[in-house]
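Structure record follows, encoded as structure tokens.
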Amino acid sequence: MRPLREVCFGLLLLGGWMAHGASARPVDTVAGPAAASSVAAPQTTDAPPPAASAGVARDLTLKQMGANGAIKLRGQDPNGILNVAVRNDEVVTGARLRLVYTYSPSLIYSLSHLKVFLNGEVVATLPMDKEQAGQTVTKELVLDPRLFTDFNRIGVQMIAHYTLDHCEDPYHTSLWTDISPDTVLTLTTSEIALPNSLALLPGPFFDRRDNRPLSIPFVLPAHADAATLRAAGVVSSWFGALAGWRGARFPVAQTPPTDAHAIAFALPNAMPEGVKLGEIKGPTVIVMANPASAPASGRKLLVLAGRDAKELQEAADALVLGQVGMSGDEAIVKSVDLGPERRPYDAPNWAPVDRAVSFKELVSDPAQLEAAGFNPPPVRVDMRLPPDLFAWARHSVPLNVHYRYTAPSNYNDSVLNIGVNDQLLRSVRLRPADPSGVERQFNVPLLSGSEARGAEEVRVPALRIGSTNQFQFQFHMDSQKTGLCVAAATDSTRAAVDPDSTIDFSQFVHYTAMPNLAFFATSGFPFTRMADLADTAVVIPDAPDVHDEEALFTMLGQMGRWSGLPALRVSLVPASAVDTVRDRDLLVIGTGSAAELMAKWGKGLPMLIERGENDLSVREPTDRPKDQGPVARTAMSVNGPTAAFVGFQSPYTSGKSVVALAANTSDRLGDLLDVLADDARVGEVRGDLTVVRQKVVVGLTVGDTYYAGHLPWYAWLWVHISRYPALMAIAGILAGLFVALTVFWALGRLAAHRLEH
């Protein structure tokens with residue numbers, strides 16, 4: 001595959017040079033290896049931009065390149081790194097870095113500059129001028145596209161001096177440069193045609209190098225039945241699991257799009273328009289050139305076909321389970337075994353809560369637990385948990401942290417700050433080295449003796465733990481320089497959190513008050529309790545349109561994102577057949593007959609949305625207990641868009657849940673999907689009713705409370721008694737009397753026994 005990329009890249013680049021010529025390159029901009037060692041004065045934003053190469057341009061922000069906020073370059077830590085990935089079906093034909101930065105006004109400018117690297121090659125040196133010191137500076141750098149590969153690292157290094165004295169302090173506060181979040185890399189890429197090969201799956205439909213939100217059109221036959229939609233839903237949940245944090249949307253069309261890769265679903269009597277297949281011989285997976293796109297575009301169409309709905313479902317299951325074994329442009333499935341049933345709460349994206357979990361299970365590479373430098377970025381460990389954990393017997397979580405570090409030679413301000421979800425838990429001073437181990441520690445700083453190790457047991461308050469968590473371990477290694485002209489190493493400090501550090505949730509139980517739309521919006525609970533959605537039924541309108549279908553596929557993609565598994569055992573039924581899934585948790589999507597089903601369930605629901613009319617439960621702004629229900633309702637006619645998440649207990653089975661995506665028109669369902677994909681707004685989804693009116697999101701609690709999960713009888717008794725202070729007092733008195741009577745009886749028996757002897 002690599003030679004194909006290089007040949008295509010060479011042809012594209014040659015064409016670009018022939019079209020633009022040497023004059024297209026600004027004379028004050030560094031471009032190409034030949035200029036790697038020169039000092040350039042790249043153009044500022046006031047100058048006209050260089051001519052663009054052929055292809056499609058897109059901008060990558062500092063955040064999209066892996067930086068959390070501004071990059072701070074300091075004297076003892078003068079390096080910043082940006083990561084840039086390129087899709088397998090693209091080549092870079094042009095690149096321009098718009099570097100925005102501010103540097104210290106207290107430097108010797110003839111000796112100070114910034115070096116810019118691309119994959120280890122110096123591509124520019126930027127002088128620091130006195131006239132622009134302390135101000136925001138913008139430089140435009142044209143980068144040689146020949147230096148780009150699949151994964152690339154752009155580095156910025158500060159070389160700065162504030163004095164000519166040979167005793168210059170590398171920790172001096174004058175040595176600083178800040179790279180602004182306004183920095184942007186503009187990549188111009190051209191697509192290359194990959195072969196029609198199933199061995200490339202999930203590419204080119206999903207590429208792990210692409211950090212943009214995933215969007216894959218689904219091509220369906222007109223009036224697709226529930227069985228076809230279920231097969232497509234399994235595929236969308238798989239792509240949602242692959243996309244992960246990027247998020248995924250699945251717009252629906254009845255003909256292949258001209259400008260995108262797409263996935264089509266076909267039956268002999270229900271073939272999408274524009275898709276032509278030969279005889280279907282069984283469950284089939286085919287990759288072909290997109291017939292609606294130009295042959296040179298490289299656009300692909302993935303077709304899943306079967307002679308009936310059962311075979312179409314087998315093709316979908318085989319794709320998500322066995323795509324690793326596929327090759328060529330067509331695969332006919334012989335059989336599919338979904339494997340044994342899964343256990344509750346075993347989603348791959350959730351950490352186990354029935355035992356202590358080590359950090360090596362929470363990271364993909366142990367190197368993520370290491371840090372270098374005097375003030376390195378924090379070591380971050382992400383952890384997703386079932387949201388229904390209940391700490392009835394304890395109010396904290398034991399976190400056992402083991403760490404290693406390059407120990408200072410004496411006590412100073414070197415510390416380790418331990419936090420969770422950006423809240424400080426403990427600050428630990430790092431003790432100095434044992435003098436007897438200095439030589440060994442210098443040779444192998446992380447693997448010396450106990451003098452460079454530490455351990456802490458931290459009690460994490462349970463209230464600070466949610467379904468999505470991040471533990472932060474910030475090492476700060478203080479300078480050991482004691483005065484001017486005293487030498488100090490500038491890059492010898494190393495630290496690491498031991499992969500065998502653990503956190504233990506095994507004393508918690510699964511029990512929570514419902515409904516809680518915050519659980520649904522951040523983890524898909526209660527549906528993701530079974531990772532393959534075995535206890536979930538999705539209810540759709542009897543005659544769904546393309547907006548209903550897009551909402552269905554996007555929501556199943558979200559379930560895959562939250563759990564990490566495709567929805568292999570989900571049930572999907574039209575509203576008219578909801579009685580067949582009475583024992584399941586229900587996810588109701590859409591308008592039409594799905595909205596009529598909500599009205600059938602009664603006026604006691606938090607909100608009913610119908611075309612042109614909204615019926616809403618309201619509650620007085622008091623401390624009225626939740627279980628007393630709403631105190632009033634209001635109905636109104638509206639002529640504007642309204643959409644809402646509605647949560648309530650299933651009208652069929654006690655303890656089961658219903659979450660509905662409701663809207664007065666099907667095209668407004670996209671507003672709800674937009675909220676789930678927006679990290680800034682998803683936190684506003686809460687309670688049992690969240691109303692979305694364009695950009696406004698309002699979460700309310702207006703309905704009755706019920707409980708999901710299981711408590712031991714003694715825990716249940718304690719929890720329910722603890723809600724009432726009077727009962728707590730009576731229980732305390734009774735417990736005291738019971739203990740006193742027991743002791744009195746025991747002492748009486750003991751005295752009688754002595755009298756008998």
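Residue numbers start at 1 in each chain; chains themselves are named A, B, ... in the order of the structure tokens; ligands are numbered from 1 in the order shown.
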If you run DSSP on this backbone, which residues of range 295-479 of chain A come out as strand (DSSP E), and could you give them as a PyMOL selection string?
-> chain A and resi 300-305+330-332+356-358+370-372+379-384+389-390+396-405+415-420+423-429+453-461+468-476
Find the residues near Ala193 in chain A: any atom within 7 Å, counting only C-alpha atoms, skip ones fewer than 5 places away on the same chain, and give them as a PDB file with N, CA, C and O atoms, in the first residue's frame.
```
ATOM      1  N   ASP A  89      -6.106   7.028   2.931  1.00  0.00           N
ATOM      2  CA  ASP A  89      -6.517   7.270   1.547  1.00  0.00           C
ATOM      3  C   ASP A  89      -6.282   8.712   1.128  1.00  0.00           C
ATOM      4  O   ASP A  89      -6.915   9.209   0.196  1.00  0.00           O
ATOM      5  N   ALA A 296     -12.021   8.304 -10.550  1.00  0.00           N
ATOM      6  CA  ALA A 296     -10.742   8.762 -10.002  1.00  0.00           C
ATOM      7  C   ALA A 296     -10.855   9.262  -8.566  1.00  0.00           C
ATOM      8  O   ALA A 296      -9.844   9.527  -7.924  1.00  0.00           O
ATOM      9  N   SER A 297     -12.076   9.408  -8.057  1.00  0.00           N
ATOM     10  CA  SER A 297     -12.250   9.971  -6.718  1.00  0.00           C
ATOM     11  C   SER A 297     -11.842   9.002  -5.617  1.00  0.00           C
ATOM     12  O   SER A 297     -11.537   9.414  -4.499  1.00  0.00           O
ATOM     13  N   GLY A 298     -11.881   7.703  -5.895  1.00  0.00           N
ATOM     14  CA  GLY A 298     -11.554   6.716  -4.876  1.00  0.00           C
ATOM     15  C   GLY A 298     -12.662   6.455  -3.888  1.00  0.00           C
ATOM     16  O   GLY A 298     -12.464   5.744  -2.900  1.00  0.00           O
TER      17      GLY A 298
END
```
Can you list, as JSON, numbers by chain, every protein, DNA or RNA residue that comes within 12 Å of range 319-329 of chain A when you count only C-alpha atoms, leaving out same-chain residues fewer than 4 positions away?
-> {"A": [194, 195, 196, 197, 198, 199, 200, 201, 202, 203, 231, 232, 233, 234, 235, 236, 237, 238, 239, 240, 241, 242, 263, 283, 284, 285, 286, 287, 288, 289, 300, 301, 302, 303, 304, 305, 312, 313, 314, 315, 333, 334, 335, 336, 337, 338, 339, 560, 565, 566, 567, 568]}
Nearest to Thr512 in chain A: which of A:Pro268, A:Pro386, A:Gly155, A:Gly647 is it, counting only C-alpha atoms?
-> A:Pro386
Can you tell me, as an mmCIF file with N, CA, C and O atoms, in the first residue's frame, what residues are no more than 10 Å from Leu99 in chain A when counting only C-alpha atoms, ignoring any on the same chain fewer than 2 positions away?
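What landed in around-v6.cif:
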```cif
data_model
loop_
_atom_site.group_PDB
_atom_site.id
_atom_site.type_symbol
_atom_site.label_atom_id
_atom_site.label_comp_id
_atom_site.auth_asym_id
_atom_site.auth_seq_id
_atom_site.Cartn_x
_atom_site.Cartn_y
_atom_site.Cartn_z
ATOM 1 N N THR A 44 4.094 37.350 7.720
ATOM 2 C CA THR A 44 3.068 37.538 8.725
ATOM 3 C C THR A 44 1.710 37.493 8.061
ATOM 4 O O THR A 44 1.592 37.366 6.845
ATOM 5 N N LEU A 62 -4.903 23.828 17.707
ATOM 6 C CA LEU A 62 -3.931 23.312 18.671
ATOM 7 C C LEU A 62 -4.535 22.162 19.472
ATOM 8 O O LEU A 62 -3.872 21.162 19.740
ATOM 9 N N ARG A 96 0.505 24.487 5.682
ATOM 10 C CA ARG A 96 0.876 25.829 6.123
ATOM 11 C C ARG A 96 0.578 25.949 7.606
ATOM 12 O O ARG A 96 -0.548 25.690 8.050
ATOM 13 N N LEU A 97 1.589 26.304 8.385
ATOM 14 C CA LEU A 97 1.450 26.453 9.832
ATOM 15 C C LEU A 97 1.364 27.932 10.172
ATOM 16 O O LEU A 97 2.281 28.710 9.881
ATOM 17 N N TYR A 101 2.314 33.264 18.740
ATOM 18 C CA TYR A 101 3.055 33.105 19.986
ATOM 19 C C TYR A 101 3.419 34.463 20.566
ATOM 20 O O TYR A 101 3.348 35.507 19.896
ATOM 21 N N VAL A 116 11.594 25.248 14.569
ATOM 22 C CA VAL A 116 10.405 24.467 14.252
ATOM 23 C C VAL A 116 10.846 23.203 13.532
ATOM 24 O O VAL A 116 11.606 23.272 12.547
ATOM 25 N N VAL A 137 2.678 37.553 18.232
ATOM 26 C CA VAL A 137 3.350 37.479 16.939
ATOM 27 C C VAL A 137 2.725 36.352 16.128
ATOM 28 O O VAL A 137 2.459 35.272 16.662
ATOM 29 N N THR A 138 2.489 36.596 14.870
ATOM 30 C CA THR A 138 1.935 35.582 13.976
ATOM 31 C C THR A 138 2.882 35.367 12.807
ATOM 32 O O THR A 138 3.266 36.321 12.138
ATOM 33 N N LYS A 139 3.266 34.122 12.606
ATOM 34 C CA LYS A 139 4.138 33.757 11.492
ATOM 35 C C LYS A 139 3.475 32.654 10.674
ATOM 36 O O LYS A 139 2.904 31.720 11.223
ATOM 37 N N GLU A 140 3.574 32.791 9.370
ATOM 38 C CA GLU A 140 3.046 31.778 8.453
ATOM 39 C C GLU A 140 4.223 30.981 7.888
ATOM 40 O O GLU A 140 5.129 31.549 7.276
ATOM 41 N N LEU A 141 4.214 29.668 8.099
ATOM 42 C CA LEU A 141 5.277 28.801 7.617
ATOM 43 C C LEU A 141 4.710 27.828 6.597
ATOM 44 O O LEU A 141 3.742 27.115 6.892
ATOM 45 N N VAL A 156 8.272 22.550 18.429
ATOM 46 C CA VAL A 156 8.721 23.940 18.557
ATOM 47 C C VAL A 156 9.662 23.997 19.757
ATOM 48 O O VAL A 156 9.288 23.622 20.872
ATOM 49 N N ILE A 179 2.899 29.497 23.197
ATOM 50 C CA ILE A 179 2.273 29.237 21.901
ATOM 51 C C ILE A 179 0.761 29.322 22.085
ATOM 52 O O ILE A 179 0.182 28.584 22.876
ATOM 53 N N SER A 180 0.119 30.219 21.370
ATOM 54 C CA SER A 180 -1.300 30.503 21.563
ATOM 55 C C SER A 180 -2.184 29.391 21.005
ATOM 56 O O SER A 180 -1.845 28.752 20.000
ATOM 57 N N PRO A 181 -3.372 29.162 21.630
ATOM 58 C CA PRO A 181 -4.344 28.222 21.052
ATOM 59 C C PRO A 181 -4.861 28.646 19.682
ATOM 60 O O PRO A 181 -5.499 27.853 18.989
ATOM 61 N N ASP A 182 -4.589 29.896 19.275
ATOM 62 C CA ASP A 182 -4.996 30.351 17.939
ATOM 63 C C ASP A 182 -4.102 29.792 16.833
ATOM 64 O O ASP A 182 -4.367 30.029 15.650
ATOM 65 N N THR A 183 -3.058 29.076 17.213
ATOM 66 C CA THR A 183 -2.194 28.443 16.211
ATOM 67 C C THR A 183 -2.996 27.428 15.393
ATOM 68 O O THR A 183 -3.756 26.642 15.948
ATOM 69 N N VAL A 184 -2.809 27.448 14.071
ATOM 70 C CA VAL A 184 -3.586 26.589 13.180
ATOM 71 C C VAL A 184 -2.659 25.990 12.123
ATOM 72 O O VAL A 184 -1.798 26.683 11.569
ATOM 73 N N LEU A 185 -2.841 24.697 11.866
ATOM 74 C CA LEU A 185 -2.164 24.036 10.752
ATOM 75 C C LEU A 185 -3.192 23.795 9.655
ATOM 76 O O LEU A 185 -4.206 23.129 9.887
#
```
Which neighbours of range 671-673 of chain A fall inside 7 Å, counting only C-alpha atoms, when residues of the same chain fewer than 4 positions from it are skipped, and could you give them as a ChimeraX atom specification?
-> /A:643,677,692,694
Prev. selection, all heavy atoms, output as a tab-separated table (two decimals), in the first residue's frame:
```tsv
chain	number	residue	atom	x	y	z
A	643	ALA	N	-38.01	19.93	20.84
A	643	ALA	CA	-37.53	18.55	20.96
A	643	ALA	C	-37.15	18.32	22.41
A	643	ALA	O	-36.82	19.26	23.14
A	643	ALA	CB	-36.34	18.30	20.04
A	677	ALA	N	-23.69	15.16	21.05
A	677	ALA	CA	-22.36	15.22	20.45
A	677	ALA	C	-21.55	16.43	20.91
A	677	ALA	O	-20.38	16.54	20.56
A	677	ALA	CB	-22.48	15.23	18.93
A	692	VAL	N	-35.05	20.84	24.48
A	692	VAL	CA	-34.08	21.48	23.59
A	692	VAL	C	-34.84	22.35	22.61
A	692	VAL	O	-35.66	21.87	21.82
A	692	VAL	CB	-33.23	20.44	22.83
A	692	VAL	CG1	-32.26	21.13	21.89
A	692	VAL	CG2	-32.50	19.54	23.81
A	694	GLN	N	-33.65	24.74	19.91
A	694	GLN	CA	-32.49	25.21	19.15
A	694	GLN	C	-31.25	25.16	20.03
A	694	GLN	O	-30.81	24.09	20.40
A	694	GLN	CB	-32.78	26.60	18.57
A	694	GLN	CG	-33.94	26.60	17.57
A	694	GLN	CD	-34.26	27.96	17.03
A	694	GLN	OE1	-33.87	28.97	17.56
A	694	GLN	NE2	-34.99	27.97	15.92
```
Range 350-360 of chain A environment, 6 Å, only C-alpha atoms, sequence neighbours closer than 4 positions dropped, as a PDB file with all heavy atoms, in the first residue's frame:
```
ATOM      1  N   ARG A 384     -13.868   4.990  33.047  1.00  0.00           N
ATOM      2  CA  ARG A 384     -15.319   5.053  32.915  1.00  0.00           C
ATOM      3  C   ARG A 384     -15.936   3.974  33.805  1.00  0.00           C
ATOM      4  O   ARG A 384     -15.435   2.839  33.853  1.00  0.00           O
ATOM      5  CB  ARG A 384     -15.757   4.865  31.471  1.00  0.00           C
ATOM      6  CG  ARG A 384     -15.268   5.951  30.535  1.00  0.00           C
ATOM      7  CD  ARG A 384     -15.830   5.764  29.132  1.00  0.00           C
ATOM      8  NE  ARG A 384     -17.267   5.965  29.123  1.00  0.00           N
ATOM      9  CZ  ARG A 384     -17.859   7.124  28.866  1.00  0.00           C
ATOM     10  NH1 ARG A 384     -17.129   8.195  28.612  1.00  0.00           N
ATOM     11  NH2 ARG A 384     -19.176   7.224  28.859  1.00  0.00           N
ATOM     12  N   LEU A 385     -17.014   4.337  34.477  1.00  0.00           N
ATOM     13  CA  LEU A 385     -17.656   3.449  35.437  1.00  0.00           C
ATOM     14  C   LEU A 385     -19.151   3.366  35.166  1.00  0.00           C
ATOM     15  O   LEU A 385     -19.734   4.298  34.601  1.00  0.00           O
ATOM     16  CB  LEU A 385     -17.439   3.966  36.870  1.00  0.00           C
ATOM     17  CG  LEU A 385     -16.006   4.009  37.391  1.00  0.00           C
ATOM     18  CD1 LEU A 385     -15.950   4.830  38.668  1.00  0.00           C
ATOM     19  CD2 LEU A 385     -15.500   2.596  37.651  1.00  0.00           C
ATOM     20  N   PRO A 499       2.400   1.020  36.962  1.00  0.00           N
ATOM     21  CA  PRO A 499       1.206   0.387  36.365  1.00  0.00           C
ATOM     22  C   PRO A 499       0.440  -0.507  37.328  1.00  0.00           C
ATOM     23  O   PRO A 499      -0.728  -0.820  37.080  1.00  0.00           O
ATOM     24  CB  PRO A 499       1.797  -0.433  35.205  1.00  0.00           C
ATOM     25  CG  PRO A 499       3.103   0.208  34.891  1.00  0.00           C
ATOM     26  CD  PRO A 499       3.622   0.712  36.195  1.00  0.00           C
ATOM     27  N   ASP A 500       1.068  -0.938  38.431  1.00  0.00           N
ATOM     28  CA  ASP A 500       0.385  -1.799  39.395  1.00  0.00           C
ATOM     29  C   ASP A 500      -0.377  -1.016  40.454  1.00  0.00           C
ATOM     30  O   ASP A 500      -0.930  -1.619  41.385  1.00  0.00           O
ATOM     31  CB  ASP A 500       1.392  -2.729  40.069  1.00  0.00           C
ATOM     32  CG  ASP A 500       1.934  -3.776  39.103  1.00  0.00           C
ATOM     33  OD1 ASP A 500       1.172  -4.197  38.215  1.00  0.00           O
ATOM     34  OD2 ASP A 500       3.108  -4.160  39.238  1.00  0.00           O
ATOM     35  N   SER A 501      -0.419   0.319  40.337  1.00  0.00           N
ATOM     36  CA  SER A 501      -1.281   1.100  41.222  1.00  0.00           C
ATOM     37  C   SER A 501      -2.729   0.673  40.998  1.00  0.00           C
ATOM     38  O   SER A 501      -3.119   0.303  39.885  1.00  0.00           O
ATOM     39  CB  SER A 501      -1.121   2.592  40.922  1.00  0.00           C
ATOM     40  OG  SER A 501       0.215   3.013  41.110  1.00  0.00           O
ATOM     41  N   THR A 502      -3.547   0.734  42.043  1.00  0.00           N
ATOM     42  CA  THR A 502      -4.908   0.183  41.947  1.00  0.00           C
ATOM     43  C   THR A 502      -5.934   1.149  42.524  1.00  0.00           C
ATOM     44  O   THR A 502      -5.620   2.022  43.349  1.00  0.00           O
ATOM     45  CB  THR A 502      -5.029  -1.154  42.704  1.00  0.00           C
ATOM     46  OG1 THR A 502      -4.749  -0.941  44.091  1.00  0.00           O
ATOM     47  CG2 THR A 502      -4.076  -2.192  42.137  1.00  0.00           C
ATOM     48  N   ILE A 503      -7.172   0.947  42.091  1.00  0.00           N
ATOM     49  CA  ILE A 503      -8.335   1.592  42.683  1.00  0.00           C
ATOM     50  C   ILE A 503      -9.420   0.525  42.795  1.00  0.00           C
ATOM     51  O   ILE A 503      -9.556  -0.335  41.916  1.00  0.00           O
ATOM     52  CB  ILE A 503      -8.807   2.808  41.858  1.00  0.00           C
ATOM     53  CG1 ILE A 503      -9.937   3.542  42.593  1.00  0.00           C
ATOM     54  CG2 ILE A 503      -9.228   2.402  40.450  1.00  0.00           C
ATOM     55  CD1 ILE A 503     -10.236   4.915  42.015  1.00  0.00           C
ATOM     56  N   ASP A 504     -10.188   0.575  43.882  1.00  0.00           N
ATOM     57  CA  ASP A 504     -11.075  -0.546  44.207  1.00  0.00           C
ATOM     58  C   ASP A 504     -12.496  -0.041  44.487  1.00  0.00           C
ATOM     59  O   ASP A 504     -12.729   0.711  45.432  1.00  0.00           O
ATOM     60  CB  ASP A 504     -10.529  -1.286  45.434  1.00  0.00           C
ATOM     61  CG  ASP A 504     -11.278  -2.585  45.711  1.00  0.00           C
ATOM     62  OD1 ASP A 504     -12.236  -2.885  44.989  1.00  0.00           O
ATOM     63  OD2 ASP A 504     -10.879  -3.293  46.660  1.00  0.00           O
ATOM     64  N   PHE A 505     -13.449  -0.477  43.648  1.00  0.00           N
ATOM     65  CA  PHE A 505     -14.862  -0.147  43.834  1.00  0.00           C
ATOM     66  C   PHE A 505     -15.674  -1.380  44.247  1.00  0.00           C
ATOM     67  O   PHE A 505     -16.898  -1.362  44.144  1.00  0.00           O
ATOM     68  CB  PHE A 505     -15.452   0.414  42.536  1.00  0.00           C
ATOM     69  CG  PHE A 505     -14.992   1.804  42.195  1.00  0.00           C
ATOM     70  CD1 PHE A 505     -13.839   2.007  41.467  1.00  0.00           C
ATOM     71  CD2 PHE A 505     -15.716   2.906  42.613  1.00  0.00           C
ATOM     72  CE1 PHE A 505     -13.415   3.288  41.148  1.00  0.00           C
ATOM     73  CE2 PHE A 505     -15.303   4.190  42.308  1.00  0.00           C
ATOM     74  CZ  PHE A 505     -14.148   4.386  41.570  1.00  0.00           C
ATOM     75  N   SER A 506     -15.009  -2.424  44.701  1.00  0.00           N
ATOM     76  CA  SER A 506     -15.705  -3.684  44.935  1.00  0.00           C
ATOM     77  C   SER A 506     -16.681  -3.627  46.104  1.00  0.00           C
ATOM     78  O   SER A 506     -17.538  -4.508  46.232  1.00  0.00           O
ATOM     79  CB  SER A 506     -14.686  -4.812  45.167  1.00  0.00           C
ATOM     80  OG  SER A 506     -13.870  -4.532  46.295  1.00  0.00           O
TER      81      SER A 506
END
```
Name the residues of range 287-518 of chain A that come out as helix (DSSP H, G or I) in a backbone DSSP run; write them as a ChimeraX atom specification.
-> /A:295-297,309-325,359-361,366-369,435-443,450-452,462-464,517-518
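All residues of protein, DNA or RNA that reach within 7 Å of range 578-594 of chain A, judged by only C-alpha atoms and not counting those fewer than 5 positions away in the chain, are Phe527, Asp535, Thr536, Ala537, Val538, Val539, Ile540, Pro541, Asp542, Asp548, Leu552, Val573, Tyr652, Thr653, Lys656, Ser657, Val658, Val659, Ala660, Leu661, Ala662, Ala663, Thr665 and Ser666 of chain A.
Each of A:Pro377, A:Gly655, A:Gly466, A:Pro344 was checked against Ala67 in chain A using only C-alpha atoms; the smallest atom-to-atom distance is that of A:Pro377.
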Choose the residue, out of A:Asp478, A:Asp165, A:Asp545, A:Asp129, that has the smallest atom-to-atom separation from Asp667 in chain A; count only C-alpha atoms.
-> A:Asp545
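Pairwise distance (CA of Asp382 in chain A, CA of Pro366 in chain A) equals 13.3 Å.
Of the listed residues (A:Gly244, A:Gly274, A:Ala227, A:His547), A:Ala227 comes nearest to Lys310 in chain A; the distances count only C-alpha atoms.
Each of A:Val428, A:Ala260, A:Val702, A:Val546 was checked against Asp413 in chain A using only C-alpha atoms; the smallest atom-to-atom distance is that of A:Val428.
Interatomic distance, CA of Ala495 in chain A against CA of Asn119 in chain A: 25.5 Å.
Between CA of Phe553 in chain A and CA of Arg307 in chain A the separation is 22.8 Å.
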